Amino acid sequence: RYQCIFAVDSLSSANIFMREVGVVEAPVYRVIPNLEPFRADMRLLDARMSAAVKMYFANLYWQGLPHPADHSFWEWLVPCPASIGERIS
């Protein structure tokens, strides 16, 4: 996770993410991967869970599986180096 760019698959997903983390407005750019990105459910990264649940969710995350409560938010981990394209918002 420390050697990648985090991306989402649409401008609407970027806007949802920014709203949830309290960002009022920020530029959004297209990312062009050089290698295959990995899709994972960001909702599985909730640190408020017990250690056992965190381990279970980490396993689901790295398998690319959805949150069991069906409220997924998909992020793409784009390996670096990657190219930054045009600004889309």
# chains A, B, ... in the order shown; residues from 1 in each chain; ligands from 1
>>> residues_around(residues="Asn15 in chain A", least_positions_apart="5", cutoff="12 Å", atoms="only C-alpha atoms", output="number ranges by chain")
A: 7-10, 20-28, 88-89
>>> select_by_dssp(residues="chain A", states="alpha helix (DSSP H)", output="compact mmCIF listing (two decimals) with N, CA and C atoms, in the first residue's frame")
# COMPACT_ATOMS: atom_id res chain seq x y z
N LEU A 11 -15.51 9.91 -11.31
CA LEU A 11 -15.52 11.21 -10.66
C LEU A 11 -16.52 11.22 -9.51
N SER A 12 -17.65 10.54 -9.68
CA SER A 12 -18.64 10.51 -8.60
C SER A 12 -18.07 9.79 -7.37
N SER A 13 -17.29 8.73 -7.56
CA SER A 13 -16.65 8.06 -6.43
C SER A 13 -15.62 8.97 -5.75
N ALA A 14 -14.88 9.74 -6.55
CA ALA A 14 -13.92 10.69 -5.98
C ALA A 14 -14.65 11.73 -5.14
N ASN A 15 -15.79 12.21 -5.62
CA ASN A 15 -16.57 13.20 -4.88
C ASN A 15 -17.12 12.61 -3.59
N ILE A 16 -17.59 11.36 -3.62
CA ILE A 16 -18.06 10.70 -2.41
C ILE A 16 -16.93 10.59 -1.40
N PHE A 17 -15.76 10.15 -1.85
CA PHE A 17 -14.62 10.00 -0.96
C PHE A 17 -14.25 11.35 -0.33
N MET A 18 -14.15 12.38 -1.14
CA MET A 18 -13.78 13.70 -0.60
C MET A 18 -14.80 14.18 0.42
N ARG A 19 -16.07 13.98 0.15
CA ARG A 19 -17.11 14.39 1.08
C ARG A 19 -16.98 13.62 2.40
N GLU A 20 -16.72 12.32 2.33
CA GLU A 20 -16.62 11.50 3.54
C GLU A 20 -15.41 11.85 4.40
N VAL A 21 -14.33 12.32 3.79
CA VAL A 21 -13.14 12.67 4.58
C VAL A 21 -13.07 14.17 4.88
N ALA A 51 -9.35 -7.02 17.03
CA ALA A 51 -8.20 -7.57 16.29
C ALA A 51 -8.63 -8.74 15.41
N ALA A 52 -9.53 -9.58 15.89
CA ALA A 52 -9.98 -10.73 15.10
C ALA A 52 -10.73 -10.27 13.85
N VAL A 53 -11.59 -9.27 13.99
CA VAL A 53 -12.34 -8.77 12.85
C VAL A 53 -11.40 -8.06 11.87
N LYS A 54 -10.43 -7.31 12.39
CA LYS A 54 -9.44 -6.66 11.52
C LYS A 54 -8.69 -7.69 10.68
N MET A 55 -8.30 -8.80 11.29
CA MET A 55 -7.60 -9.87 10.55
C MET A 55 -8.50 -10.44 9.47
N TYR A 56 -9.75 -10.68 9.80
CA TYR A 56 -10.71 -11.22 8.84
C TYR A 56 -10.91 -10.23 7.68
N PHE A 57 -11.11 -8.94 8.02
CA PHE A 57 -11.31 -7.93 6.99
C PHE A 57 -10.05 -7.74 6.14
N ALA A 58 -8.87 -7.82 6.74
CA ALA A 58 -7.62 -7.70 5.98
C ALA A 58 -7.52 -8.83 4.96
N ASN A 59 -7.92 -10.01 5.36
CA ASN A 59 -7.92 -11.16 4.45
C ASN A 59 -8.87 -10.91 3.27
N LEU A 60 -10.07 -10.41 3.56
CA LEU A 60 -11.01 -10.09 2.49
C LEU A 60 -10.45 -8.99 1.58
N TYR A 61 -9.84 -7.97 2.20
CA TYR A 61 -9.29 -6.85 1.45
C TYR A 61 -8.28 -7.33 0.42
N TRP A 62 -7.29 -8.13 0.86
CA TRP A 62 -6.22 -8.55 -0.04
C TRP A 62 -6.65 -9.62 -1.02
N GLN A 63 -7.84 -10.20 -0.82
CA GLN A 63 -8.41 -11.10 -1.82
C GLN A 63 -9.25 -10.33 -2.84
>>> residues_around(residues="Asn34 in chain A", least_positions_apart="4", cutoff="10 Å", atoms="only C-alpha atoms", output="list in words")
Val78, Pro79, Cys80, Pro81, Ala82 and Ser83 of chain A
>>> select_by_dssp(residues="range 6-62 of chain A", states="strand (DSSP E or B)", output="PyMOL selection string")
chain A and resi 6-7+29-33+38-41
>>> write_last_selection(atoms="N, CA, C and O atoms", output="compact mmCIF listing (two decimals), in the first residue's frame")
# COMPACT_ATOMS: atom_id res chain seq x y z
N PHE A 6 -3.50 5.68 -4.82
CA PHE A 6 -4.87 5.27 -4.59
C PHE A 6 -5.77 5.99 -5.58
O PHE A 6 -5.65 7.20 -5.76
N ALA A 7 -6.66 5.25 -6.20
CA ALA A 7 -7.54 5.83 -7.21
C ALA A 7 -8.93 5.24 -7.05
O ALA A 7 -9.12 4.22 -6.38
N TYR A 29 -7.43 14.11 -10.96
CA TYR A 29 -6.69 13.83 -12.18
C TYR A 29 -6.89 12.38 -12.60
O TYR A 29 -7.08 11.50 -11.76
N ARG A 30 -6.81 12.14 -13.89
CA ARG A 30 -6.82 10.79 -14.42
C ARG A 30 -5.47 10.15 -14.13
O ARG A 30 -4.44 10.81 -14.23
N VAL A 31 -5.48 8.89 -13.74
CA VAL A 31 -4.24 8.13 -13.48
C VAL A 31 -4.13 7.04 -14.55
O VAL A 31 -5.08 6.30 -14.78
N ILE A 32 -2.97 6.97 -15.17
CA ILE A 32 -2.73 5.96 -16.20
C ILE A 32 -1.72 4.94 -15.65
O ILE A 32 -0.54 5.27 -15.49
N PRO A 33 -2.19 3.74 -15.33
CA PRO A 33 -1.28 2.74 -14.74
C PRO A 33 -0.33 2.16 -15.78
O PRO A 33 -0.68 2.02 -16.94
N PHE A 38 -4.78 -3.07 -8.51
CA PHE A 38 -5.50 -4.03 -7.66
C PHE A 38 -6.71 -3.33 -7.09
O PHE A 38 -6.62 -2.24 -6.54
N ARG A 39 -7.88 -3.96 -7.20
CA ARG A 39 -9.13 -3.39 -6.67
C ARG A 39 -9.42 -3.99 -5.31
O ARG A 39 -9.40 -5.21 -5.13
N ALA A 40 -9.70 -3.13 -4.34
CA ALA A 40 -10.02 -3.60 -2.99
C ALA A 40 -11.11 -2.72 -2.39
O ALA A 40 -11.29 -1.57 -2.77
N ASP A 41 -11.82 -3.28 -1.44
CA ASP A 41 -12.92 -2.59 -0.78
C ASP A 41 -12.38 -1.77 0.40
O ASP A 41 -11.99 -2.31 1.43
>>> atom_distance(atom1="CA of Ser72 in chain A", atom2="CA of Tyr2 in chain A")
21.8 Å
>>> atom_distance(atom1="CA of Pro37 in chain A", atom2="CA of Pro68 in chain A")
22.6 Å
>>> atom_distance(atom1="CA of Ala69 in chain A", atom2="CA of Arg1 in chain A")
23.7 Å
